[in-house]
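S.K.: Dropping in model12.txt, with compact mmCIF, C-alpha atoms and all ligand atoms.
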```
# COMPACT_ATOMS: atom_id res chain seq x y z
CA MET A 1 -14.23 -9.18 -6.46
CA LYS A 2 -17.65 -9.95 -5.10
CA PHE A 3 -17.97 -6.71 -3.21
CA SER A 4 -16.28 -3.47 -3.95
CA LEU A 5 -14.32 -2.25 -0.96
CA LYS A 6 -14.11 1.16 -2.53
CA ARG A 7 -17.73 1.74 -1.54
CA VAL A 8 -16.90 1.42 2.14
CA ALA A 9 -13.21 2.21 2.37
CA ALA A 10 -12.72 5.02 -0.05
CA GLY A 11 -15.88 6.89 0.72
CA VAL A 12 -14.00 9.67 2.51
CA ALA A 13 -12.04 10.64 -0.55
CA VAL A 14 -14.71 10.12 -3.14
CA THR A 15 -16.66 13.28 -3.50
CA THR A 16 -18.52 12.57 -6.70
CA VAL A 17 -19.13 9.29 -8.41
CA ALA A 18 -19.44 10.72 -11.86
CA ALA A 19 -18.22 8.98 -14.96
CA MET A 20 -16.29 11.29 -17.20
CA THR A 21 -15.76 11.04 -20.87
CA LEU A 22 -12.04 10.68 -21.28
CA ALA A 23 -11.88 12.05 -24.75
CA GLY A 24 -8.68 12.23 -26.73
CA CYS A 25 -7.55 15.80 -26.36
CA ALA A 26 -4.13 15.29 -24.97
CA ASP A 27 -0.88 17.04 -25.12
CA THR A 28 1.07 13.88 -25.48
CA GLY A 29 3.28 13.25 -22.53
CA SER A 30 5.76 15.92 -23.46
CA GLY A 31 6.63 16.32 -19.82
CA ASP A 32 5.91 20.00 -19.51
CA GLY A 33 3.93 21.15 -16.54
CA GLY A 34 0.60 21.28 -18.32
CA SER A 35 -2.06 23.86 -17.78
CA GLY A 36 -2.87 22.95 -14.20
CA SER A 37 -6.52 23.43 -14.95
CA ASP A 38 -9.00 21.10 -13.36
CA ASP A 39 -11.72 21.07 -15.94
CA GLY A 40 -11.45 17.31 -16.34
CA GLY A 41 -11.15 17.62 -20.09
CA GLY A 42 -9.85 14.10 -20.53
CA ALA A 43 -6.79 11.93 -20.66
CA ALA A 44 -4.24 11.31 -23.31
CA ALA A 45 -5.39 10.25 -26.71
CA SER A 46 -5.14 6.59 -27.50
CA GLY A 47 -1.55 5.66 -28.21
CA ASP A 48 -0.12 8.77 -26.57
CA LEU A 49 -0.09 7.51 -23.05
CA SER A 50 2.22 4.75 -21.85
CA ILE A 51 2.20 3.73 -18.21
CA THR A 52 4.80 1.60 -16.43
CA LEU A 53 3.99 0.15 -13.00
CA LEU A 54 6.99 -0.54 -10.75
CA PRO A 55 5.96 -2.25 -7.48
CA LYS A 56 8.30 -2.81 -4.51
CA ASN A 57 8.78 -6.33 -5.82
CA LEU A 58 7.07 -8.84 -8.08
CA GLY A 59 5.19 -11.89 -6.80
CA ASN A 60 3.30 -10.13 -4.01
CA PRO A 61 -0.50 -10.62 -4.28
CA TYR A 62 -1.00 -7.10 -2.91
CA PHE A 63 0.81 -5.56 -5.88
CA ASP A 64 -0.78 -8.07 -8.26
CA ALA A 65 -4.11 -6.55 -7.20
CA SER A 66 -2.77 -3.02 -7.78
CA GLU A 67 -1.65 -4.11 -11.23
CA VAL A 68 -5.16 -5.29 -12.10
CA GLY A 69 -6.60 -1.92 -11.08
CA ALA A 70 -3.94 0.08 -12.90
CA SER A 71 -4.17 -2.01 -16.01
CA ASP A 72 -7.98 -1.67 -16.17
CA ALA A 73 -7.68 2.10 -15.74
CA ALA A 74 -4.98 2.22 -18.44
CA GLU A 75 -7.30 0.40 -20.80
CA ASP A 76 -10.04 2.89 -20.04
CA LEU A 77 -7.60 5.72 -20.73
CA GLY A 78 -6.47 4.16 -24.00
CA ALA A 79 -2.97 3.80 -22.57
CA GLU A 80 -0.33 1.22 -23.24
CA PHE A 81 0.50 -0.52 -19.93
CA GLU A 82 3.27 -2.71 -18.50
CA GLN A 83 4.43 -3.91 -15.10
CA VAL A 84 8.14 -4.40 -14.41
CA GLY A 85 10.06 -4.86 -11.17
CA PRO A 86 12.71 -6.61 -9.09
CA THR A 87 12.19 -9.89 -7.28
CA GLU A 88 13.56 -8.46 -4.03
CA ALA A 89 12.20 -5.28 -2.47
CA THR A 90 15.37 -3.18 -2.73
CA PRO A 91 15.94 0.36 -4.06
CA ASP A 92 18.90 -0.82 -6.18
CA GLY A 93 16.63 -3.33 -7.82
CA GLN A 94 14.24 -0.53 -8.83
CA VAL A 95 16.75 1.93 -10.30
CA SER A 96 17.45 0.06 -13.54
CA TYR A 97 13.72 -0.14 -14.29
CA ILE A 98 13.34 3.59 -13.71
CA ASN A 99 16.25 4.31 -16.06
CA THR A 100 14.79 2.04 -18.73
CA ALA A 101 11.37 3.68 -18.48
CA ALA A 102 13.00 7.08 -18.98
CA GLN A 103 15.08 5.89 -21.93
CA GLN A 104 12.01 4.40 -23.54
CA GLY A 105 10.17 7.70 -23.19
CA ARG A 106 7.35 6.22 -21.11
CA SER A 107 4.89 8.97 -20.33
CA ALA A 108 4.24 7.90 -16.75
CA LEU A 109 5.80 5.74 -14.07
CA LEU A 110 3.81 4.45 -11.07
CA VAL A 111 6.25 3.50 -8.30
CA ALA A 112 5.94 1.95 -4.83
CA ALA A 113 9.30 3.10 -3.45
CA ASN A 114 11.65 0.83 -1.54
CA ASP A 115 13.44 3.84 -0.07
CA PRO A 116 12.42 7.49 0.30
CA ASN A 117 15.70 8.88 -1.10
CA ALA A 118 17.80 6.19 -2.79
CA ILE A 119 15.78 6.17 -6.02
CA CYS A 120 15.35 9.94 -6.17
CA ASP A 121 18.18 10.73 -8.62
CA ALA A 122 16.88 8.16 -11.07
CA LEU A 123 13.31 9.45 -10.71
CA ASN A 124 14.34 13.05 -11.26
CA GLU A 125 16.31 12.08 -14.36
CA ALA A 126 13.20 10.36 -15.64
CA ARG A 127 11.14 13.48 -14.91
CA ASP A 128 13.71 15.63 -16.73
CA ALA A 129 13.28 13.30 -19.69
CA GLY A 130 9.53 13.95 -19.64
CA THR A 131 8.16 11.02 -17.61
CA LYS A 132 5.53 11.89 -15.01
CA VAL A 133 6.26 10.13 -11.73
CA VAL A 134 3.41 9.02 -9.48
CA THR A 135 4.36 7.20 -6.29
CA PHE A 136 1.72 4.97 -4.71
CA ASP A 137 1.66 2.79 -1.58
CA SER A 138 5.17 3.85 -0.43
CA ASP A 139 6.32 7.40 -1.10
CA THR A 140 9.65 9.01 -1.90
CA SER A 141 10.69 12.39 -0.69
CA ALA A 142 8.21 14.88 -2.22
CA ASP A 143 10.78 16.56 -4.46
CA CYS A 144 11.31 13.53 -6.65
CA ARG A 145 7.76 12.72 -7.72
CA ASP A 146 4.78 14.59 -9.13
CA LEU A 147 2.11 12.98 -6.93
CA PHE A 148 1.83 10.41 -4.15
CA ILE A 149 -1.29 8.23 -4.06
CA ASN A 150 -1.71 7.46 -0.38
CA GLN A 151 -3.87 4.48 0.57
CA ALA A 152 -4.79 5.85 4.02
CA ASP A 153 -3.16 8.23 6.44
CA ALA A 154 -0.56 6.95 8.91
CA GLU A 155 -2.61 7.94 11.96
CA GLY A 156 -5.67 6.06 10.69
CA ILE A 157 -3.57 2.94 10.02
CA ALA A 158 -1.93 3.24 13.45
CA LYS A 159 -5.29 3.55 15.17
CA VAL A 160 -6.92 0.61 13.44
CA GLN A 161 -3.97 -1.69 14.20
CA GLY A 162 -3.59 -0.34 17.76
CA ASP A 163 -7.26 -0.81 18.59
CA LEU A 164 -7.32 -4.30 17.07
CA ILE A 165 -4.31 -5.60 19.00
CA ALA A 166 -5.47 -3.91 22.22
CA GLU A 167 -8.83 -5.59 21.98
CA GLN A 168 -7.25 -8.96 21.19
CA ILE A 169 -4.86 -8.95 24.19
CA GLY A 170 -7.13 -7.31 26.77
CA GLU A 171 -5.27 -3.97 26.60
CA GLU A 172 -2.14 -5.17 28.37
CA GLY A 173 1.11 -6.98 27.72
CA GLU A 174 4.06 -7.11 25.34
CA VAL A 175 3.61 -6.55 21.63
CA ALA A 176 6.15 -6.74 18.79
CA ILE A 177 6.05 -5.47 15.21
CA LEU A 178 6.96 -7.70 12.25
CA SER A 179 7.59 -5.17 9.50
CA ALA A 180 8.59 -5.22 5.82
CA THR A 181 12.01 -3.79 4.81
CA ALA A 182 13.87 -1.45 7.15
CA ASN A 183 13.84 1.39 4.58
CA ALA A 184 10.19 1.17 3.49
CA THR A 185 8.72 4.67 3.71
CA ASN A 186 5.19 3.42 4.31
CA GLN A 187 5.82 0.87 7.06
CA ASN A 188 8.27 3.15 8.85
CA ALA A 189 5.72 5.96 9.02
CA TRP A 190 2.97 3.57 10.11
CA ASN A 191 5.15 1.95 12.79
CA GLU A 192 6.18 5.28 14.27
CA ALA A 193 2.54 6.37 14.41
CA PHE A 194 1.52 2.97 15.84
CA ILE A 195 4.02 3.14 18.70
CA GLN A 196 2.97 6.68 19.50
CA TYR A 197 -0.73 5.81 19.41
CA VAL A 198 -0.32 2.73 21.61
CA ASN A 199 1.87 4.59 24.12
CA GLU A 200 -0.69 7.36 24.39
CA THR A 201 -3.83 5.22 24.37
CA TYR A 202 -2.94 1.93 26.04
CA PRO A 203 -0.44 2.55 28.89
CA ASP A 204 -0.35 -1.15 29.83
CA ILE A 205 0.77 -2.28 26.38
CA GLU A 206 4.51 -2.21 25.69
CA VAL A 207 5.85 -2.35 22.14
CA ILE A 208 9.08 -4.22 22.83
CA ASP A 209 10.65 -4.79 19.41
CA THR A 210 10.42 -4.22 15.65
CA VAL A 211 11.85 -6.90 13.36
CA TYR A 212 12.01 -6.99 9.55
CA GLY A 213 10.94 -9.83 7.27
CA ASP A 214 11.82 -7.79 4.13
CA ASP A 215 8.51 -8.68 2.51
CA GLU A 216 9.92 -12.17 1.94
CA ASP A 217 7.70 -15.02 3.03
CA GLN A 218 10.41 -17.28 4.49
CA LYS A 219 12.27 -14.50 6.27
CA SER A 220 9.00 -13.23 7.79
CA PHE A 221 8.13 -16.79 8.90
CA ASP A 222 11.58 -17.20 10.53
CA GLN A 223 11.37 -13.80 12.22
CA THR A 224 8.05 -14.84 13.76
CA ALA A 225 9.66 -17.96 15.17
CA SER A 226 12.54 -15.97 16.71
CA LEU A 227 10.22 -13.34 18.16
CA LEU A 228 8.28 -16.04 19.99
CA GLN A 229 11.42 -17.80 21.14
CA SER A 230 13.15 -14.70 22.50
CA ASN A 231 10.06 -13.21 24.13
CA PRO A 232 8.24 -15.82 26.22
CA ASP A 233 5.84 -13.17 27.57
CA LEU A 234 4.84 -11.87 24.16
CA LYS A 235 1.08 -11.32 23.93
CA GLY A 236 0.72 -10.04 20.41
CA ILE A 237 2.32 -9.43 17.01
CA VAL A 238 1.33 -6.65 14.65
CA SER A 239 2.46 -7.01 11.05
CA PRO A 240 1.79 -3.97 8.84
CA THR A 241 2.65 -5.89 5.68
CA THR A 242 0.53 -8.37 3.77
CA VAL A 243 3.56 -10.63 3.25
CA GLY A 244 4.53 -10.54 6.94
CA LEU A 245 1.00 -11.05 8.25
CA ALA A 246 0.35 -14.12 6.09
CA ALA A 247 3.74 -15.66 6.96
CA ALA A 248 3.30 -15.01 10.70
CA ALA A 249 -0.21 -16.49 10.58
CA ARG A 250 1.12 -19.60 8.86
CA TYR A 251 3.74 -20.02 11.58
CA LEU A 252 1.32 -19.41 14.44
CA SER A 253 -1.43 -21.62 13.05
CA ASP A 254 0.86 -24.61 13.41
CA SER A 255 2.48 -23.72 16.74
CA ASN A 256 1.66 -23.95 20.44
CA ALA A 257 1.30 -20.18 20.47
CA LYS A 258 -1.88 -20.38 18.40
CA GLY A 259 -4.64 -18.85 20.49
CA GLU A 260 -2.08 -17.64 23.06
CA VAL A 261 -0.34 -14.95 21.02
CA ALA A 262 -2.64 -12.59 19.11
CA LEU A 263 -1.80 -11.55 15.57
CA THR A 264 -3.14 -8.67 13.52
CA GLY A 265 -1.97 -6.11 10.98
CA LEU A 266 -2.52 -5.46 7.29
CA GLY A 267 -3.44 -8.36 5.03
CA THR A 268 -5.34 -9.35 1.93
CA PRO A 269 -8.55 -11.35 2.49
CA ASN A 270 -7.49 -14.14 0.13
CA GLN A 271 -4.19 -14.69 1.95
CA MET A 272 -5.78 -14.49 5.40
CA ARG A 273 -9.02 -16.42 4.86
CA GLU A 274 -7.73 -19.79 6.11
CA PHE A 275 -6.26 -18.21 9.24
CA ILE A 276 -9.50 -16.43 10.06
CA GLU A 277 -11.34 -19.70 9.52
CA ASP A 278 -8.95 -21.73 11.72
CA GLY A 279 -9.03 -19.11 14.49
CA THR A 280 -5.35 -18.04 14.30
CA VAL A 281 -6.40 -14.47 13.53
CA THR A 282 -9.68 -12.81 14.52
CA ALA A 283 -9.45 -9.51 12.61
CA PHE A 284 -7.05 -7.52 10.43
CA ALA A 285 -7.23 -4.45 8.21
CA LEU A 286 -6.44 -3.14 4.72
CA TRP A 287 -7.77 -0.94 1.93
CA ASN A 288 -8.41 -2.14 -1.60
CA PRO A 289 -5.02 -2.41 -3.38
CA GLU A 290 -6.82 -2.74 -6.72
CA ASP A 291 -8.44 0.66 -6.19
CA LEU A 292 -5.02 2.06 -5.27
CA GLY A 293 -3.63 0.99 -8.65
CA THR A 294 -6.68 2.37 -10.40
CA LEU A 295 -6.33 5.75 -8.73
CA ALA A 296 -2.59 5.93 -9.48
CA ALA A 297 -3.16 5.24 -13.18
CA TYR A 298 -5.92 7.85 -13.51
CA ALA A 299 -3.74 10.38 -11.70
CA ALA A 300 -0.93 9.64 -14.16
CA GLY A 301 -3.34 10.11 -17.06
CA ALA A 302 -4.44 13.49 -15.72
CA LEU A 303 -0.82 14.63 -15.30
CA VAL A 304 0.26 13.51 -18.75
CA SER A 305 -2.72 15.11 -20.47
CA GLY A 306 -2.05 18.36 -18.63
CA ASP A 307 -5.46 18.31 -16.93
CA ILE A 308 -3.59 18.76 -13.67
CA ASP A 309 -0.03 19.64 -12.74
CA GLY A 310 -0.19 18.17 -9.22
CA ALA A 311 -0.86 21.43 -7.39
CA GLU A 312 -2.92 21.40 -4.20
CA GLY A 313 -6.60 21.72 -5.10
CA ASP A 314 -6.29 20.16 -8.58
CA THR A 315 -9.11 17.71 -9.18
CA PHE A 316 -9.34 14.77 -11.54
CA SER A 317 -11.64 11.90 -12.32
CA ALA A 318 -10.64 8.33 -11.44
CA GLY A 319 -13.35 6.61 -13.46
CA GLY A 320 -15.72 4.58 -11.29
CA LEU A 321 -13.90 5.64 -8.11
CA GLY A 322 -15.16 9.18 -8.64
CA GLU A 323 -13.41 12.51 -8.42
CA PHE A 324 -10.32 13.18 -6.30
CA THR A 325 -8.57 16.33 -5.14
CA VAL A 326 -4.83 16.79 -4.75
CA GLY A 327 -4.00 17.69 -1.15
CA ALA A 328 -0.96 19.34 0.43
CA ASP A 329 2.48 18.16 -0.74
CA GLY A 330 1.03 16.51 -3.84
CA VAL A 331 -0.76 13.77 -1.90
CA VAL A 332 -4.00 12.17 -3.06
CA LEU A 333 -5.78 10.09 -0.39
CA LEU A 334 -7.68 6.94 -1.34
CA GLY A 335 -9.63 6.56 1.90
CA ASP A 336 -9.80 4.80 5.26
CA PRO A 337 -8.58 1.32 6.18
CA PHE A 338 -11.26 -1.36 6.51
CA VAL A 339 -11.44 -4.19 9.07
CA PHE A 340 -11.93 -7.79 7.93
CA ASP A 341 -13.17 -10.53 10.26
CA ALA A 342 -15.05 -13.84 10.17
CA ASP A 343 -18.35 -12.06 9.53
CA ASN A 344 -17.33 -10.21 6.36
CA ILE A 345 -14.28 -11.94 4.85
CA GLY A 346 -16.51 -14.07 2.64
CA ASP A 347 -17.60 -10.91 0.82
CA PHE A 348 -14.14 -10.23 -0.58
CA ASP A 349 -12.02 -11.82 -3.26
CA PHE A 350 -8.61 -10.17 -3.64
C1 LIG B 401 2.98 -5.32 1.56
C2 LIG B 401 3.84 -4.20 1.07
C3 LIG B 401 3.04 -2.95 0.78
C4 LIG B 401 2.10 -2.62 1.93
C5 LIG B 401 1.22 -3.79 2.23
C6 LIG B 401 0.27 -3.51 3.38
O1 LIG B 401 2.28 -5.89 0.50
O2 LIG B 401 4.82 -3.91 2.04
O3 LIG B 401 3.93 -1.88 0.57
O4 LIG B 401 1.33 -1.48 1.65
O5 LIG B 401 2.05 -4.89 2.57
```
Please go through the file and, once you have read it, give me the structure as structure tokens.
Ligand code: RAM

M.R.:
Amino acid sequence: MKFSLKRVAAGVAVTTVAAMTLAGCADTGSGDGGSGSDDGGGAAASGDLSITLLPKNLGNPYFDASEVGASDAAEDLGAEFEQVGPTEATPDGQVSYINTAAQQGRSALLVAANDPNAICDALNEARDAGTKVVTFDSDTSADCRDLFINQADAEGIAKVQGDLIAEQIGEEGEVAILSATANATNQNAWNEAFIQYVNETYPDIEVIDTVYGDDEDQKSFDQTASLLQSNPDLKGIVSPTTVGLAAAARYLSDSNAKGEVALTGLGTPNQMREFIEDGTVTAFALWNPEDLGTLAAYAAGALVSGDIDGAEGDTFSAGGLGEFTVGADGVVLLGDPFVFDADNIGDFDF
């Protein structure tokens, strides 16, 4: 990455940029609650910490970036690291990997959940077996994980997408949402907040439909085509998924609707660069998914070592990202979303 988004996007959450010495003084992933102290005494000793990353699905550049961040943090923590996951973003596809991680006695599991409840039994069995569970990107219900690493709050994501689409369509007309899977905790929360924000802020914009591309490129592409066909008056599409946004942009860039129907949402700069350059999209938003992986891995290290137990007010170091504090309901916030456009996209490489 040429420019670290964490400097601009995560500034809200970063209170101190202080490198900590993560010395080996761990109580080795035994799964007990730990001391709950926040003295930042260090992570697990080398060899004691094993971290498994389980994204919604494999093959998504967004989660590939999270893996880079988590893997770098694991190396810094002296942890053994692996990524596993299903090819399709389904809860059933995730359960077997959760069971395996528990059976293997992995000390921590980082999960982007495909459903808030369907993977809970498996996660709680893993926790009973001593594995710390950190959700990131897409949460489960709070009683089946130790911490949730939240990229940005739902209201902030709703506002950035709402303001972008409003500006792009002149604050009036029909808008549709092209989402990920119907059960995704993150997109569902963001979409609800988006509709509420738009209804309250832009009375002349109507959100007419929400369709699901399941975070599959072809399905998202096809859903874009049907949205345009069935809604001749459509003025804009908002896609709060990196897979959906890139697929919709690819469809639009080669259609008569290019320049007529606005498109924005959440995307990675590398996937969206050509569509910013060819004028299909003028601006979109995201946070740094690499930083999200980094933060999740450091949080896991702090839980396993017993530096924190996930209680509100616990603090821990996330290496170069600085120090973070656990908020209400075991949520740790990375920061604010960031807007990419033609003027700044060249500064980013992820
Ligand atoms: C996709 C996934 C992920 C989401 C991003 C914005 O990559 O659905 O969960 O956070 O989009």

S.K.: When the cut-off is 9 Å and you count only C-alpha atoms and all ligand atoms, which residues lie near ligand LIG 401 (chain B), shown as a JSON list (two decimals) with C-alpha atoms, in the coordinates of the input?

M.R.:
```json
[["chain", "number", "residue", "atom", "x", "y", "z"],
["A", 55, "PRO", "CA", 5.96, -2.25, -7.48],
["A", 56, "LYS", "CA", 8.30, -2.81, -4.51],
["A", 57, "ASN", "CA", 8.78, -6.33, -5.82],
["A", 60, "ASN", "CA", 3.30, -10.13, -4.01],
["A", 61, "PRO", "CA", -0.50, -10.62, -4.28],
["A", 62, "TYR", "CA", -1.00, -7.10, -2.91],
["A", 63, "PHE", "CA", 0.81, -5.56, -5.88],
["A", 89, "ALA", "CA", 12.20, -5.28, -2.47],
["A", 112, "ALA", "CA", 5.94, 1.95, -4.83],
["A", 113, "ALA", "CA", 9.30, 3.10, -3.45],
["A", 114, "ASN", "CA", 11.65, 0.83, -1.54],
["A", 136, "PHE", "CA", 1.72, 4.97, -4.71],
["A", 137, "ASP", "CA", 1.66, 2.79, -1.58],
["A", 138, "SER", "CA", 5.17, 3.85, -0.43],
["A", 151, "GLN", "CA", -3.87, 4.48, 0.57],
["A", 179, "SER", "CA", 7.59, -5.17, 9.50],
["A", 180, "ALA", "CA", 8.59, -5.22, 5.82],
["A", 181, "THR", "CA", 12.01, -3.79, 4.81],
["A", 184, "ALA", "CA", 10.19, 1.17, 3.49],
["A", 185, "THR", "CA", 8.72, 4.67, 3.71],
["A", 186, "ASN", "CA", 5.19, 3.42, 4.31],
["A", 187, "GLN", "CA", 5.82, 0.87, 7.06],
["A", 214, "ASP", "CA", 11.82, -7.79, 4.13],
["A", 215, "ASP", "CA", 8.51, -8.68, 2.51],
["A", 239, "SER", "CA", 2.46, -7.01, 11.05],
["A", 240, "PRO", "CA", 1.79, -3.97, 8.84],
["A", 241, "THR", "CA", 2.65, -5.89, 5.68],
["A", 242, "THR", "CA", 0.53, -8.37, 3.77],
["A", 243, "VAL", "CA", 3.56, -10.63, 3.25],
["A", 244, "GLY", "CA", 4.53, -10.54, 6.94],
["A", 245, "LEU", "CA", 1.00, -11.05, 8.25],
["A", 265, "GLY", "CA", -1.97, -6.11, 10.98],
["A", 266, "LEU", "CA", -2.52, -5.46, 7.29],
["A", 267, "GLY", "CA", -3.44, -8.36, 5.03],
["A", 268, "THR", "CA", -5.34, -9.35, 1.93],
["A", 285, "ALA", "CA", -7.23, -4.45, 8.21],
["A", 286, "LEU", "CA", -6.44, -3.14, 4.72],
["A", 287, "TRP", "CA", -7.77, -0.94, 1.93],
["A", 289, "PRO", "CA", -5.02, -2.41, -3.38]]
```

S.K.: Between A:Val133, A:Ala142, A:Ala300, A:Ile195, which one has atoms that come closest to A:Lys159, using all atoms listed in the file?

M.R.: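 Closest to A:Lys159 of all the choices is A:Ile195.
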
S.K.: How many Å separate atom CA of A:Tyr197 from atom CA of A:Gly173?

M.R.: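 Atom CA of A:Gly173 lies at a distance of 15.4 Å from atom CA of A:Tyr197.
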
S.K.: When you look at A:Glu312 with a cut-off of 7 Å (counting all atoms listed in the file), what residues show up, excluding the ones that are within fewer than 4 positions of it in the same chain? I need them as a list in words.

M.R.: Val326, Gly327, Ala328 and Gly330 of chain A

S.K.: Could you tell me how far atom CA of A:Ser66 sits from atom CA of A:Ala247, in Å to one decimal place?

M.R.: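 Going from atom CA of A:Ala247 over to atom CA of A:Ser66 covers 20.5 Å.
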
S.K.: Find the residue from A:Asn191, A:Asn99, A:Leu164, A:Ala79 that sits nearest to A:Val211; use all atoms listed in the file when measuring.

M.R.: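 Among the listed residues, A:Asn191 lies closest to A:Val211.
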
S.K.: Taking the point (-7.4, 21.5, -5.1) as given in the file, collect each protein or nucleic acid residue that comes within 12 Å of it, counting all atoms listed in the file, and present the set as a PDB file with C-alpha atoms, keeping the file's coordinate frame.

M.R.:
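Output file result12.pdb follows:
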```
ATOM      1  CA  GLY A  36      -2.870  22.950 -14.200  1.00  0.00           C
ATOM      2  CA  SER A  37      -6.520  23.430 -14.950  1.00  0.00           C
ATOM      3  CA  ASP A  38      -9.000  21.100 -13.360  1.00  0.00           C
ATOM      4  CA  ASP A  39     -11.720  21.070 -15.940  1.00  0.00           C
ATOM      5  CA  ILE A 308      -3.590  18.760 -13.670  1.00  0.00           C
ATOM      6  CA  ASP A 309      -0.030  19.640 -12.740  1.00  0.00           C
ATOM      7  CA  GLY A 310      -0.190  18.170  -9.220  1.00  0.00           C
ATOM      8  CA  ALA A 311      -0.860  21.430  -7.390  1.00  0.00           C
ATOM      9  CA  GLU A 312      -2.920  21.400  -4.200  1.00  0.00           C
ATOM     10  CA  GLY A 313      -6.600  21.720  -5.100  1.00  0.00           C
ATOM     11  CA  ASP A 314      -6.290  20.160  -8.580  1.00  0.00           C
ATOM     12  CA  THR A 315      -9.110  17.710  -9.180  1.00  0.00           C
ATOM     13  CA  PHE A 316      -9.340  14.770 -11.540  1.00  0.00           C
ATOM     14  CA  GLU A 323     -13.410  12.510  -8.420  1.00  0.00           C
ATOM     15  CA  PHE A 324     -10.320  13.180  -6.300  1.00  0.00           C
ATOM     16  CA  THR A 325      -8.570  16.330  -5.140  1.00  0.00           C
ATOM     17  CA  VAL A 326      -4.830  16.790  -4.750  1.00  0.00           C
ATOM     18  CA  GLY A 327      -4.000  17.690  -1.150  1.00  0.00           C
ATOM     19  CA  ALA A 328      -0.960  19.340   0.430  1.00  0.00           C
ATOM     20  CA  ASP A 329       2.480  18.160  -0.740  1.00  0.00           C
ATOM     21  CA  GLY A 330       1.030  16.510  -3.840  1.00  0.00           C
ATOM     22  CA  VAL A 331      -0.760  13.770  -1.900  1.00  0.00           C
ATOM     23  CA  VAL A 332      -4.000  12.170  -3.060  1.00  0.00           C
TER      24      VAL A 332
END
```

S.K.: For A:Gln161, which residue among A:Gln271, A:Thr264, A:Thr282, A:Thr140 is the nearest when counting all atoms listed in the file?

M.R.: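 Closest to A:Gln161 of all the choices is A:Thr264.
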
S.K.: At most 8 Å is the cut-off: for each residue in stretch 132-206 of chain A with any atom that close to an atom of stretch 250-262 of chain A, write down the nearest atom pair and the distance in Å rounded to one decimal, counting only C-alpha atoms, chain first then increasing number, as CSV.

M.R.:
```
residue,atom,partner,partner_atom,distance
A:Ile165,CA,A:Ala262,CA,7.2
A:Gln168,CA,A:Ala262,CA,6.2
A:Ile169,CA,A:Ala262,CA,6.6
```

S.K.: Emit the selected residues as a PDB file, in the frame of the given file, including C-alpha atoms.

M.R.:
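Result file follows (again.pdb):
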```pdb
ATOM      1  CA  ILE A 165      -4.310  -5.600  19.000  1.00  0.00           C
ATOM      2  CA  GLN A 168      -7.250  -8.960  21.190  1.00  0.00           C
ATOM      3  CA  ILE A 169      -4.860  -8.950  24.190  1.00  0.00           C
TER       4      ILE A 169
END
```

S.K.: I need the residue nearest A:Asn183 from this list: A:Asp139, A:Asp209, A:Glu167, A:Glu82. Use only C-alpha atoms for the distance.

M.R.: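 Looking only at the distances to A:Asn183, the closest residue turns out to be A:Asp139.
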
S.K.: Which residue is closest to A:Asp291? Choose from A:Ile119, A:Leu234, A:Ala70, A:Ile157 and count only C-alpha atoms.

M.R.: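 Looking only at the distances to A:Asp291, the closest residue turns out to be A:Ala70.
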
S.K.: Tell me, as a PyMOL selection string, which residues lie within 8 Å of A:Tyr298, counting all atoms listed in the file; anything in the same chain fewer than 6 positions away does not count.

M.R.: chain A and resi 73-74+77+316-319

S.K.: Go ahead and compute the interatomic distance for atom CA of A:Leu178 and atom CA of A:Ile237, in Å to one decimal.

M.R.: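 For atom CA of A:Leu178 relative to atom CA of A:Ile237, the distance reads 6.9 Å.
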
S.K.: Kindly list the centre and edge lengths in Å, rounded to one decimal, for the axis-aligned box that covers all listed atoms of stretch 325-339 of chain A plus 8 Å on each of its six sides, as JSON.

M.R.:
```
{"center_x": -4.5, "center_y": 7.6, "center_z": 2.0, "size_x": 29.9, "size_y": 39.5, "size_z": 30.2}
```

S.K.: Of the candidates A:Ala246, A:Phe194, A:Ile276, A:Gly293, which one gets nearest to A:Lys219 if we count all atoms listed in the file?

M.R.: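 Going through A:Ala246, A:Phe194, A:Ile276, A:Gly293 one by one, the smallest distance to A:Lys219 is for A:Ala246.
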
S.K.: Just want the 7 Å neighbourhood of A:Ala154, counted on only C-alpha atoms, with same-chain residues fewer than 6 positions away dropped. Output as a PyMOL selection string.

M.R.: chain A and resi 189-190+193

S.K.: Quick one: write out the picked residues with C-alpha atoms as a PDB file, in the frame of the given file?

M.R.:
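Result saved to out-v2.pdb:
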```pdb
ATOM      1  CA  ALA A 189       5.720   5.960   9.020  1.00  0.00           C
ATOM      2  CA  TRP A 190       2.970   3.570  10.110  1.00  0.00           C
ATOM      3  CA  ALA A 193       2.540   6.370  14.410  1.00  0.00           C
TER       4      ALA A 193
END
```
